[in-house]
>>> print(open('protein_9.csv').read())   # CSV, C-alpha atoms (C1' of nucleotides)
chain,number,residue,atom,x,y,z
A,1,MET,CA,43.6,-107.9,-28.7
A,2,PRO,CA,40.6,-107.8,-30.7
A,3,GLU,CA,37.9,-110.1,-31.5
A,4,LEU,CA,35.6,-112.1,-29.3
A,5,PRO,CA,37.7,-115.3,-28.8
A,6,GLU,CA,40.8,-113.3,-27.8
A,7,VAL,CA,38.9,-111.1,-25.4
A,8,GLU,CA,37.2,-114.2,-23.8
A,9,VAL,CA,40.7,-115.8,-23.4
A,10,VAL,CA,41.7,-112.6,-21.5
A,11,ARG,CA,38.5,-112.7,-19.4
A,12,ARG,CA,39.1,-116.2,-18.3
A,13,GLY,CA,42.7,-115.5,-17.5
A,14,LEU,CA,41.5,-112.6,-15.2
A,15,GLU,CA,38.9,-114.6,-13.3
A,16,PRO,CA,41.4,-115.9,-10.7
A,17,PHE,CA,42.0,-112.3,-9.7
A,18,THR,CA,38.4,-111.5,-8.9
A,19,GLY,CA,36.3,-111.9,-5.8
A,20,ASP,CA,38.2,-110.6,-2.9
A,21,TRP,CA,41.1,-109.1,-4.8
A,22,VAL,CA,41.6,-105.4,-4.0
A,23,VAL,CA,43.0,-102.6,-6.1
A,24,ASP,CA,45.7,-101.2,-3.8
A,25,VAL,CA,47.4,-98.8,-6.2
A,26,VAL,CA,46.8,-97.4,-9.7
A,27,GLY,CA,49.5,-96.2,-12.0
A,28,VAL,CA,48.7,-94.2,-15.2
A,29,SER,CA,51.6,-93.4,-17.5
A,30,GLU,CA,49.5,-92.5,-20.6
A,31,LEU,CA,46.6,-90.1,-20.2
A,32,ARG,CA,45.1,-90.9,-23.6
A,33,SER,CA,44.4,-94.4,-22.3
A,34,LEU,CA,41.8,-92.7,-20.1
A,35,LYS,CA,40.3,-90.6,-22.9
A,36,ARG,CA,36.8,-92.3,-22.3
A,37,HIS,CA,37.0,-91.9,-18.5
A,38,PRO,CA,34.5,-89.1,-17.5
A,39,GLY,CA,36.9,-87.1,-15.4
A,40,PRO,CA,40.5,-86.4,-14.7
A,41,VAL,CA,43.1,-89.1,-14.0
A,42,GLU,CA,42.9,-88.2,-10.2
A,43,ASP,CA,39.3,-89.2,-10.3
A,44,PHE,CA,40.0,-92.5,-11.9
A,45,VAL,CA,42.7,-93.3,-9.4
A,46,TYR,CA,40.8,-92.1,-6.3
A,47,ARG,CA,37.6,-94.0,-7.1
A,48,LEU,CA,39.4,-97.2,-8.0
A,49,GLU,CA,41.9,-97.5,-5.2
A,50,GLY,CA,40.5,-99.6,-2.4
A,51,ARG,CA,37.8,-101.3,-4.4
A,52,LYS,CA,37.4,-105.0,-4.8
A,53,LEU,CA,37.1,-106.5,-8.3
A,54,ARG,CA,34.1,-108.7,-7.8
A,55,ARG,CA,33.5,-110.2,-11.3
A,56,ILE,CA,35.0,-110.0,-14.7
A,57,VAL,CA,32.4,-109.8,-17.5
A,58,ARG,CA,32.5,-109.7,-21.3
A,59,ARG,CA,30.0,-108.8,-24.0
A,60,GLY,CA,31.4,-108.8,-27.6
A,61,LYS,CA,34.8,-107.1,-27.4
A,62,PHE,CA,33.9,-105.1,-24.2
A,63,LEU,CA,35.3,-106.2,-20.9
A,64,TRP,CA,34.4,-104.9,-17.5
A,65,TRP,CA,34.9,-105.6,-13.8
A,66,GLN,CA,32.0,-105.2,-11.4
A,67,LEU,CA,33.3,-103.3,-8.4
A,68,ASP,CA,32.2,-104.0,-4.8
A,69,ASP,CA,30.1,-100.8,-4.6
A,70,ASP,CA,27.6,-102.7,-6.9
A,71,HIS,CA,26.9,-99.9,-9.3
A,72,THR,CA,30.3,-99.1,-10.8
A,73,ALA,CA,32.2,-100.9,-13.6
A,74,LEU,CA,35.8,-100.7,-14.5
A,75,VAL,CA,35.6,-101.0,-18.3
A,76,ALA,CA,38.5,-102.1,-20.5
A,77,HIS,CA,38.4,-102.1,-24.3
A,78,LEU,CA,41.4,-103.4,-26.0
A,79,GLY,CA,40.9,-101.6,-29.3
A,80,MET,CA,43.3,-102.9,-32.0
A,81,SER,CA,46.4,-103.6,-30.0
A,82,GLY,CA,45.5,-103.8,-26.3
A,83,GLN,CA,46.6,-106.5,-23.9
A,84,ILE,CA,46.0,-107.1,-20.2
A,85,LEU,CA,48.9,-109.0,-18.6
A,86,ILE,CA,49.5,-110.2,-15.1
A,87,GLY,CA,53.0,-109.8,-13.6
A,88,ASP,CA,54.8,-109.2,-10.4
A,89,THR,CA,55.7,-105.5,-10.5
A,90,PRO,CA,54.8,-102.4,-12.6
A,91,ASP,CA,58.1,-102.7,-14.5
A,92,ASP,CA,57.2,-106.1,-15.9
A,93,PHE,CA,55.3,-104.9,-19.0
A,94,GLY,CA,57.6,-102.7,-21.1
A,95,LYS,CA,57.3,-99.2,-22.4
A,96,LEU,CA,53.9,-99.8,-24.1
A,97,CYS,CA,52.3,-100.3,-20.7
A,98,ARG,CA,49.8,-97.5,-20.2
A,99,ILE,CA,48.1,-98.3,-16.9
A,100,THR,CA,49.0,-100.6,-14.0
A,101,LEU,CA,46.8,-101.9,-11.1
A,102,GLY,CA,48.5,-103.3,-8.0
A,103,LEU,CA,46.2,-106.1,-6.7
A,104,SER,CA,46.2,-108.0,-3.5
A,105,ARG,CA,44.2,-110.6,-1.7
A,106,PRO,CA,45.0,-110.9,2.0
A,107,PRO,CA,46.9,-112.4,3.5
A,108,SER,CA,49.4,-113.4,0.9
A,109,GLY,CA,48.3,-112.8,-2.7
A,110,ALA,CA,49.8,-109.9,-4.7
A,111,VAL,CA,50.2,-109.3,-8.4
A,112,THR,CA,50.3,-106.3,-10.8
A,113,LEU,CA,47.9,-106.0,-13.7
A,114,GLY,CA,49.3,-104.2,-16.8
A,115,PHE,CA,47.2,-102.6,-19.5
A,116,VAL,CA,49.4,-102.6,-22.5
A,117,ASP,CA,48.4,-100.9,-25.7
A,118,GLN,CA,50.6,-99.8,-28.6
A,119,ARG,CA,48.2,-97.8,-30.7
A,120,ILE,CA,46.1,-96.3,-27.8
A,121,PHE,CA,42.8,-97.1,-29.5
A,122,GLY,CA,41.9,-99.1,-26.4
A,123,TYR,CA,41.1,-97.5,-23.0
A,124,MET,CA,40.1,-98.0,-19.4
A,125,ALA,CA,37.3,-96.0,-17.8
A,126,LEU,CA,35.0,-96.1,-14.8
A,127,ASP,CA,31.3,-96.2,-15.8
A,128,ASN,CA,27.9,-96.7,-14.2
A,129,LEU,CA,26.2,-100.1,-14.4
A,130,VAL,CA,22.7,-99.8,-15.7
A,131,PRO,CA,19.9,-102.5,-16.1
A,132,THR,CA,19.9,-104.5,-19.3
A,133,VAL,CA,16.9,-103.8,-21.5
A,134,ASP,CA,15.8,-107.5,-21.6
A,135,GLY,CA,16.5,-108.2,-18.0
A,136,GLN,CA,19.0,-110.9,-18.9
A,137,PRO,CA,22.6,-111.1,-17.7
A,138,GLY,CA,24.8,-108.3,-19.0
A,139,GLY,CA,27.4,-110.7,-20.5
A,140,SER,CA,29.6,-113.7,-20.0
A,141,GLY,CA,31.0,-114.0,-16.5
A,142,SER,CA,28.1,-112.7,-14.3
A,143,ASP,CA,24.4,-113.4,-13.8
A,144,ALA,CA,23.7,-109.7,-12.9
A,145,PRO,CA,21.3,-108.1,-15.4
A,146,VAL,CA,23.4,-104.9,-15.6
A,147,ILE,CA,25.8,-103.5,-18.2
A,148,PRO,CA,28.1,-100.4,-18.3
A,149,SER,CA,26.2,-97.5,-19.9
A,150,ARG,CA,29.0,-97.2,-22.4
A,151,ALA,CA,28.3,-100.7,-23.7
A,152,GLN,CA,24.5,-100.5,-23.7
A,153,HIS,CA,24.2,-100.0,-27.4
A,154,ILE,CA,26.2,-103.2,-28.2
A,155,SER,CA,24.2,-106.2,-29.2
A,156,ARG,CA,24.7,-109.5,-27.5
A,157,ASP,CA,27.2,-111.8,-29.1
A,158,PRO,CA,26.5,-115.1,-30.7
A,159,LEU,CA,27.9,-117.2,-27.8
A,160,ASP,CA,25.5,-115.4,-25.3
A,161,PRO,CA,22.7,-117.7,-24.3
A,162,ALA,CA,20.3,-114.7,-24.5
A,163,PHE,CA,21.3,-114.0,-28.1
A,164,CYS,CA,18.1,-114.2,-30.3
A,165,ASP,CA,18.8,-115.9,-33.6
A,166,ASP,CA,15.5,-114.9,-35.2
A,167,ASP,CA,15.9,-111.2,-34.3
A,168,PHE,CA,19.4,-111.2,-35.8
A,169,ILE,CA,18.2,-112.8,-39.0
A,170,ARG,CA,15.3,-110.4,-39.3
A,171,ARG,CA,17.4,-107.3,-38.6
A,172,LEU,CA,20.2,-108.4,-40.9
A,173,ARG,CA,17.9,-109.0,-43.8
A,174,ARG,CA,16.5,-105.5,-43.5
A,175,LYS,CA,19.9,-103.8,-43.8
A,176,LYS,CA,20.9,-102.0,-47.0
A,177,THR,CA,24.5,-102.9,-46.9
A,178,GLY,CA,26.9,-105.6,-47.9
A,179,ILE,CA,27.0,-108.6,-45.6
A,180,LYS,CA,30.5,-107.9,-44.2
A,181,SER,CA,29.5,-104.4,-43.1
A,182,ALA,CA,26.6,-105.9,-41.3
A,183,LEU,CA,28.8,-108.5,-39.5
A,184,LEU,CA,31.1,-105.7,-38.4
A,185,ASP,CA,28.2,-103.6,-37.0
A,186,GLN,CA,28.4,-104.2,-33.3
A,187,THR,CA,24.8,-103.1,-32.7
A,188,LEU,CA,23.6,-105.9,-34.9
A,189,VAL,CA,25.9,-108.7,-33.6
A,190,SER,CA,28.9,-108.1,-31.4
A,191,GLY,CA,32.3,-109.8,-31.2
A,192,VAL,CA,32.9,-110.2,-34.9
A,193,GLY,CA,35.9,-108.3,-36.4
A,194,ASN,CA,37.8,-108.4,-39.6
A,195,ILE,CA,39.4,-111.9,-39.1
A,196,TYR,CA,36.3,-113.8,-38.1
A,197,ALA,CA,34.1,-112.1,-40.6
A,198,ASP,CA,36.4,-113.2,-43.4
A,199,GLU,CA,36.6,-116.7,-41.9
A,200,ALA,CA,32.8,-117.1,-41.5
A,201,LEU,CA,32.1,-115.8,-45.0
A,202,TRP,CA,34.6,-118.2,-46.5
A,203,ARG,CA,33.0,-121.1,-44.6
A,204,VAL,CA,29.6,-120.4,-46.1
A,205,GLY,CA,30.8,-119.3,-49.5
A,206,LEU,CA,29.6,-115.7,-49.4
A,207,HIS,CA,31.3,-112.6,-51.0
A,208,TYR,CA,31.8,-109.8,-48.6
A,209,ASN,CA,29.7,-107.4,-50.6
A,210,ARG,CA,26.6,-109.6,-51.0
A,211,GLU,CA,23.5,-107.6,-50.2
A,212,CYS,CA,22.0,-108.5,-46.9
A,213,SER,CA,18.5,-108.2,-48.3
A,214,GLY,CA,19.1,-110.8,-50.9
A,215,LEU,CA,20.0,-113.5,-48.5
A,216,THR,CA,17.5,-116.2,-47.5
A,217,PRO,CA,16.8,-116.7,-43.8
A,218,GLN,CA,18.3,-120.1,-44.1
A,219,LYS,CA,21.5,-118.7,-45.5
A,220,VAL,CA,21.8,-116.1,-42.7
A,221,ARG,CA,21.2,-118.9,-40.2
A,222,GLU,CA,23.9,-120.9,-41.8
A,223,LEU,CA,26.3,-117.9,-41.6
A,224,LEU,CA,25.4,-117.4,-37.9
A,225,GLY,CA,26.3,-121.1,-37.3
A,226,ALA,CA,29.6,-120.6,-39.1
A,227,ILE,CA,30.4,-117.6,-36.9
A,228,ARG,CA,29.7,-119.7,-33.8
A,229,ASP,CA,31.8,-122.5,-35.1
A,230,VAL,CA,34.8,-120.4,-35.8
A,231,PHE,CA,34.5,-118.6,-32.5
A,232,VAL,CA,34.4,-121.9,-30.5
A,233,GLN,CA,37.2,-123.4,-32.5
A,234,ALA,CA,39.4,-120.3,-31.9
A,235,LEU,CA,38.5,-120.3,-28.2
A,236,ASP,CA,39.6,-124.0,-28.0
A,237,ASP,CA,42.9,-123.0,-29.6
A,238,GLY,CA,43.4,-120.1,-27.2
A,239,GLY,CA,42.7,-117.3,-29.6
A,240,THR,CA,44.4,-116.1,-32.8
A,241,SER,CA,47.9,-114.6,-32.5
A,242,PHE,CA,50.1,-113.6,-35.4
A,243,ASP,CA,52.9,-111.9,-33.4
A,244,TRP,CA,54.1,-110.6,-30.1
A,245,GLN,CA,51.1,-108.4,-29.7
A,246,TYR,CA,48.4,-111.0,-29.1
A,247,VAL,CA,48.9,-113.0,-26.0
A,248,ASN,CA,46.9,-114.1,-23.0
A,249,VAL,CA,47.3,-112.7,-19.5
A,250,ASN,CA,50.3,-115.0,-19.0
A,251,GLY,CA,52.0,-113.7,-22.1
A,252,GLN,CA,51.3,-116.9,-24.1
A,253,SER,CA,50.1,-116.8,-27.7
A,254,GLY,CA,47.2,-118.8,-29.1
A,255,TYR,CA,47.3,-121.2,-32.0
A,256,PHE,CA,44.2,-120.5,-34.0
A,257,SER,CA,46.3,-118.5,-36.6
A,258,GLN,CA,47.4,-121.9,-37.8
A,259,SER,CA,43.7,-122.8,-38.5
A,260,LEU,CA,42.8,-119.7,-40.6
A,261,ASN,CA,41.4,-120.4,-44.0
A,262,ALA,CA,40.7,-116.9,-45.3
A,263,TYR,CA,42.4,-114.1,-43.3
A,264,GLY,CA,46.0,-113.7,-44.4
A,265,GLN,CA,45.7,-116.5,-46.9
A,266,GLN,CA,46.1,-114.4,-50.1
A,267,GLY,CA,48.3,-116.2,-52.6
A,268,LYS,CA,47.6,-119.6,-51.1
A,269,PRO,CA,45.2,-122.2,-52.4
A,270,CYS,CA,41.6,-122.2,-51.1
A,271,ALA,CA,41.3,-125.2,-48.7
A,272,LYS,CA,38.0,-126.1,-50.4
A,273,CYS,CA,38.7,-125.8,-54.1
A,274,GLY,CA,42.4,-125.0,-54.6
A,275,THR,CA,41.8,-121.6,-56.3
A,276,VAL,CA,44.4,-119.0,-55.3
A,277,MET,CA,42.9,-116.8,-52.5
A,278,VAL,CA,42.9,-113.0,-53.0
A,279,LYS,CA,43.1,-109.9,-50.7
A,280,GLU,CA,41.0,-106.9,-51.6
A,281,ALA,CA,40.6,-103.4,-50.2
A,282,PHE,CA,37.4,-103.0,-48.2
A,283,GLN,CA,36.4,-100.0,-46.3
A,284,ASN,CA,39.9,-98.8,-45.2
A,285,ARG,CA,40.8,-102.4,-44.3
A,286,SER,CA,41.1,-105.6,-46.3
A,287,SER,CA,39.1,-108.6,-47.2
A,288,HIS,CA,40.3,-112.1,-48.0
A,289,ARG,CA,38.2,-114.5,-50.2
A,290,CYS,CA,38.3,-117.3,-52.6
A,291,PRO,CA,37.5,-115.9,-56.1
A,292,ARG,CA,35.7,-119.2,-57.0
A,293,CYS,CA,33.8,-120.1,-53.8
A,294,GLN,CA,32.9,-116.5,-52.9
A,295,ARG,CA,31.6,-114.9,-56.0
A,296,LEU,CA,29.4,-111.8,-56.2
A,297,SER,CA,26.4,-113.4,-58.0
A,298,ARG,CA,24.0,-110.6,-57.2
A,299,LYS,CA,24.1,-106.8,-57.8
A,300,ARG,CA,27.3,-105.2,-56.5
A,301,VAL,CA,27.0,-103.0,-53.4
A,302,SER,CA,29.6,-100.3,-53.0
B,1,DA,C1',17.5,-93.3,-39.6
B,2,DG,C1',20.9,-95.5,-41.6
B,3,DC,C1',25.0,-95.5,-43.9
B,4,DG,C1',30.0,-94.7,-45.3
B,5,DA,C1',34.0,-91.9,-44.7
B,6,DG,C1',37.3,-89.9,-41.7
B,7,DC,C1',39.8,-90.1,-37.9
B,8,DC,C1',42.0,-91.5,-33.6
B,9,DC,C1',47.4,-93.6,-32.8
B,10,DT,C1',52.2,-96.1,-32.5
B,11,DG,C1',55.6,-99.2,-34.1
B,12,DC,C1',56.9,-103.1,-36.8
B,13,DG,C1',58.8,-104.9,-41.2
B,14,DC,C1',59.9,-104.3,-45.6
B,15,DG,C1',62.1,-102.2,-49.7
B,16,DC,C1',65.2,-99.0,-51.3
C,1,DT,C1',72.5,-99.0,-41.2
C,2,DG,C1',69.0,-95.9,-42.0
C,3,DC,C1',64.9,-93.9,-43.7
C,4,DG,C1',60.2,-93.7,-45.5
C,5,DC,C1',56.3,-96.1,-46.4
C,6,DG,C1',52.5,-99.4,-45.9
C,7,DC,C1',50.2,-101.9,-42.8
C,8,DA,C1',47.7,-103.6,-38.5
C,9,DG,C1',42.6,-107.6,-35.6
C,10,DG,C1',38.2,-101.3,-33.5
C,11,DG,C1',34.9,-97.9,-32.9
C,12,DC,C1',33.3,-93.2,-32.4
C,13,DT,C1',31.7,-89.0,-34.6
C,14,DC,C1',30.2,-86.6,-38.2
C,15,DG,C1',28.1,-85.4,-42.6
C,16,DC,C1',24.9,-86.8,-46.2
>>> encode(input="protein_9.csv", output="structure tokens")
Amino acid sequence: MPELPEVEVVRRGLEPFTGDWVVDVVGVSELRSLKRHPGPVEDFVYRLEGRKLRRIVRRGKFLWWQLDDDHTALVAHLGMSGQILIGDTPDDFGKLCRITLGLSRPPSGAVTLGFVDQRIFGYMALDNLVPTVDGQPGGSGSDAPVIPSRAQHISRDPLDPAFCDDDFIRRLRRKKTGIKSALLDQTLVSGVGNIYADEALWRVGLHYNRECSGLTPQKVRELLGAIRDVFVQALDDGGTSFDWQYVNVNGQSGYFSQSLNAYGQQGKPCAKCGTVMVKEAFQNRSSHRCPRCQRLSRKRVS
DNA sequence: AGCGAGCCCTGCGCGC
DNA sequence: TGCGCGCAGGGCTCGC
């Protein structure tokens, strides 16, 4: 479950199971879901069992729990198809469930957390928490100025109070790529993926291949505002879901897909001008745009 | 150094 | 009904 709003919906859904909740038993049915864990599966299980899940934190599309030893994180990245679900038993999640955590909070609370991931691009891993370079909180959900070492290189996301707009604008305008490549670069700004990049570019009328260096600071600021707007709106709607794969921890789908104006709208009229929207190949993925509102008025970047 | 291509994977839905 | 193909929202690593 991919982009920032969907991951934040998951994070909020997991908050009730943090604090004094303990990991009693860990089940791993797919070793490749631990490919980023720095050790064998036994190490993952042994170090996790008995730990409390103190806080659940997110930066961009990265999620992690702060464990009660104060220096270890349980990192979860959902990749293209990951979900985290809460159920009663390890059998509640179907055959695509890769990892289960049996959780309890004495005296009476008990649930099972399921890490479900069709394509196995996502993963869970234990990692060390290291200080943030700017001394600000590592992400949404905790005030602690620490972050898993694996996520250190990821920029803050646009909903993070410590995100610096001016730095973003300066760095983006120095890039020698098209604007969409820049938005998908998680070291420049995190949390944006293919859907929300297309939505934000549509809102401000930019072609995905417009050169970053040709944009005025004002235009970049406008684009950043559009990213925030589309994130907040999607969050309010519970995230974007097209099908069975994208659900919150209760298995419910979000409604933002009904509000999309660009992604998946090929063949339909542009909501601003009525021109038929198109879908074009872009870097092994696809881009959606209005041929009239989002023209390439400057030199083409390939 | 920064950039783009290639690759990691499974399973759904469609057309034949 | 069955099969093959195209497609999917991410990110890491590697060459250039």
>>> closest_residue(input="protein_9.csv", among="A:Cys212, A:Ile84, A:Ile147, A:Leu96", to="chain B", atoms="only C-alpha atoms (C1' of nucleotides)")
A:Leu96
>>> interface_residues(input="protein_9.csv", of="chain A", to="chain B", cutoff="12 Å", atoms="all atoms listed in the file", output="JSON, numbers by chain")
{"A": [32, 33, 35, 79, 80, 81, 82, 95, 96, 117, 118, 119, 120, 121, 122, 174, 175, 176, 177, 178, 181, 182, 185, 243, 244, 245, 282, 283, 284, 301, 302]}
>>> interface_residues(input="protein_9.csv", of="chain A", to="chain C", cutoff="10 Å", atoms="all atoms listed in the file", output="list in words")
Met1, Pro2, Glu3, Glu6, Lys61, His77, Leu78, Gly79, Met80, Ser81, Arg119, Phe121, Gly122, Leu184, Asp185, Gln186, Gly193, Asn194, Ile195, Tyr196, Thr240, Ser241, Phe242, Tyr246 and Arg285 of chain A
>>> residues_near_point(input="protein_9.csv", point="(31.2, -113.3, -41.0)", cutoff="10 Å", atoms="all atoms listed in the file", output="list in words")
Ile179, Lys180, Ser181, Ala182, Leu183, Leu184, Val192, Gly193, Asn194, Ile195, Tyr196, Ala197, Asp198, Glu199, Ala200, Leu201, Trp202, Arg203, Val204, Leu206, Tyr208, Val220, Leu223, Leu224, Gly225, Ala226, Ile227, Arg228 and Val230 of chain A
>>> residues_around(input="protein_9.csv", residues="region 97-106 of chain A", least_positions_apart="5", cutoff="7 Å", atoms="all atoms listed in the file", output="list in words")
Asp20, Trp21, Val22, Val23, Asp24, Val25, Val26, Gly27, Val28, Ser29, Glu30, Ser33, Pro90, Val111, Thr112, Leu113, Gly114, Phe115, Val116 and Asp117 of chain A
>>> atom_distance(input="protein_9.csv", atom1="CA of Thr89 (chain A)", atom2="CA of Val249 (chain A)")
14.3 Å
>>> build_atoms(input="protein_9.csv", residues="region 4-24 of chain A", atoms="N, CA and C atoms", output="short mmCIF file (atom, residue, chain, number, x, y, z; two decimals), in the coordinates of the input")
data_model
loop_
_atom_site.label_atom_id
_atom_site.label_comp_id
_atom_site.auth_asym_id
_atom_site.auth_seq_id
_atom_site.Cartn_x
_atom_site.Cartn_y
_atom_site.Cartn_z
N LEU A 4 36.21 -111.47 -30.41
CA LEU A 4 35.60 -112.10 -29.30
C LEU A 4 36.45 -113.25 -28.64
N PRO A 5 36.98 -114.19 -29.41
CA PRO A 5 37.70 -115.30 -28.80
C PRO A 5 38.92 -114.80 -27.98
N GLU A 6 39.63 -113.80 -28.52
CA GLU A 6 40.80 -113.30 -27.80
C GLU A 6 40.39 -112.58 -26.53
N VAL A 7 39.31 -111.81 -26.59
CA VAL A 7 38.90 -111.10 -25.40
C VAL A 7 38.37 -112.08 -24.34
N GLU A 8 37.71 -113.15 -24.79
CA GLU A 8 37.20 -114.20 -23.80
C GLU A 8 38.41 -114.91 -23.20
N VAL A 9 39.47 -115.14 -23.96
CA VAL A 9 40.70 -115.80 -23.40
C VAL A 9 41.22 -114.86 -22.27
N VAL A 10 41.22 -113.57 -22.50
CA VAL A 10 41.70 -112.60 -21.50
C VAL A 10 40.75 -112.66 -20.27
N ARG A 11 39.45 -112.65 -20.52
CA ARG A 11 38.50 -112.70 -19.40
C ARG A 11 38.70 -113.88 -18.51
N ARG A 12 38.85 -115.02 -19.13
CA ARG A 12 39.10 -116.20 -18.30
C ARG A 12 40.36 -116.19 -17.57
N GLY A 13 41.37 -115.58 -18.16
CA GLY A 13 42.70 -115.50 -17.50
C GLY A 13 42.60 -114.53 -16.29
N LEU A 14 41.63 -113.60 -16.31
CA LEU A 14 41.50 -112.60 -15.20
C LEU A 14 40.63 -113.12 -14.10
N GLU A 15 39.85 -114.15 -14.35
CA GLU A 15 38.90 -114.60 -13.30
C GLU A 15 39.57 -114.99 -12.00
N PRO A 16 40.78 -115.61 -12.02
CA PRO A 16 41.40 -115.90 -10.70
C PRO A 16 41.72 -114.70 -9.87
N PHE A 17 41.70 -113.52 -10.46
CA PHE A 17 42.00 -112.30 -9.70
C PHE A 17 40.81 -111.48 -9.41
N THR A 18 39.68 -112.15 -9.28
CA THR A 18 38.40 -111.50 -8.90
C THR A 18 37.89 -112.08 -7.62
N GLY A 19 36.88 -111.45 -7.07
CA GLY A 19 36.30 -111.90 -5.80
C GLY A 19 36.71 -111.01 -4.69
N ASP A 20 37.75 -111.44 -3.97
CA ASP A 20 38.20 -110.60 -2.90
C ASP A 20 39.51 -109.86 -3.19
N TRP A 21 39.89 -109.86 -4.45
CA TRP A 21 41.10 -109.10 -4.80
C TRP A 21 40.80 -107.60 -4.79
N VAL A 22 41.73 -106.87 -4.20
CA VAL A 22 41.60 -105.40 -4.00
C VAL A 22 42.55 -104.65 -4.87
N VAL A 23 42.10 -103.53 -5.40
CA VAL A 23 43.00 -102.60 -6.10
C VAL A 23 43.68 -101.74 -5.07
N ASP A 24 44.98 -101.97 -4.84
CA ASP A 24 45.70 -101.20 -3.80
C ASP A 24 46.23 -99.88 -4.39
#
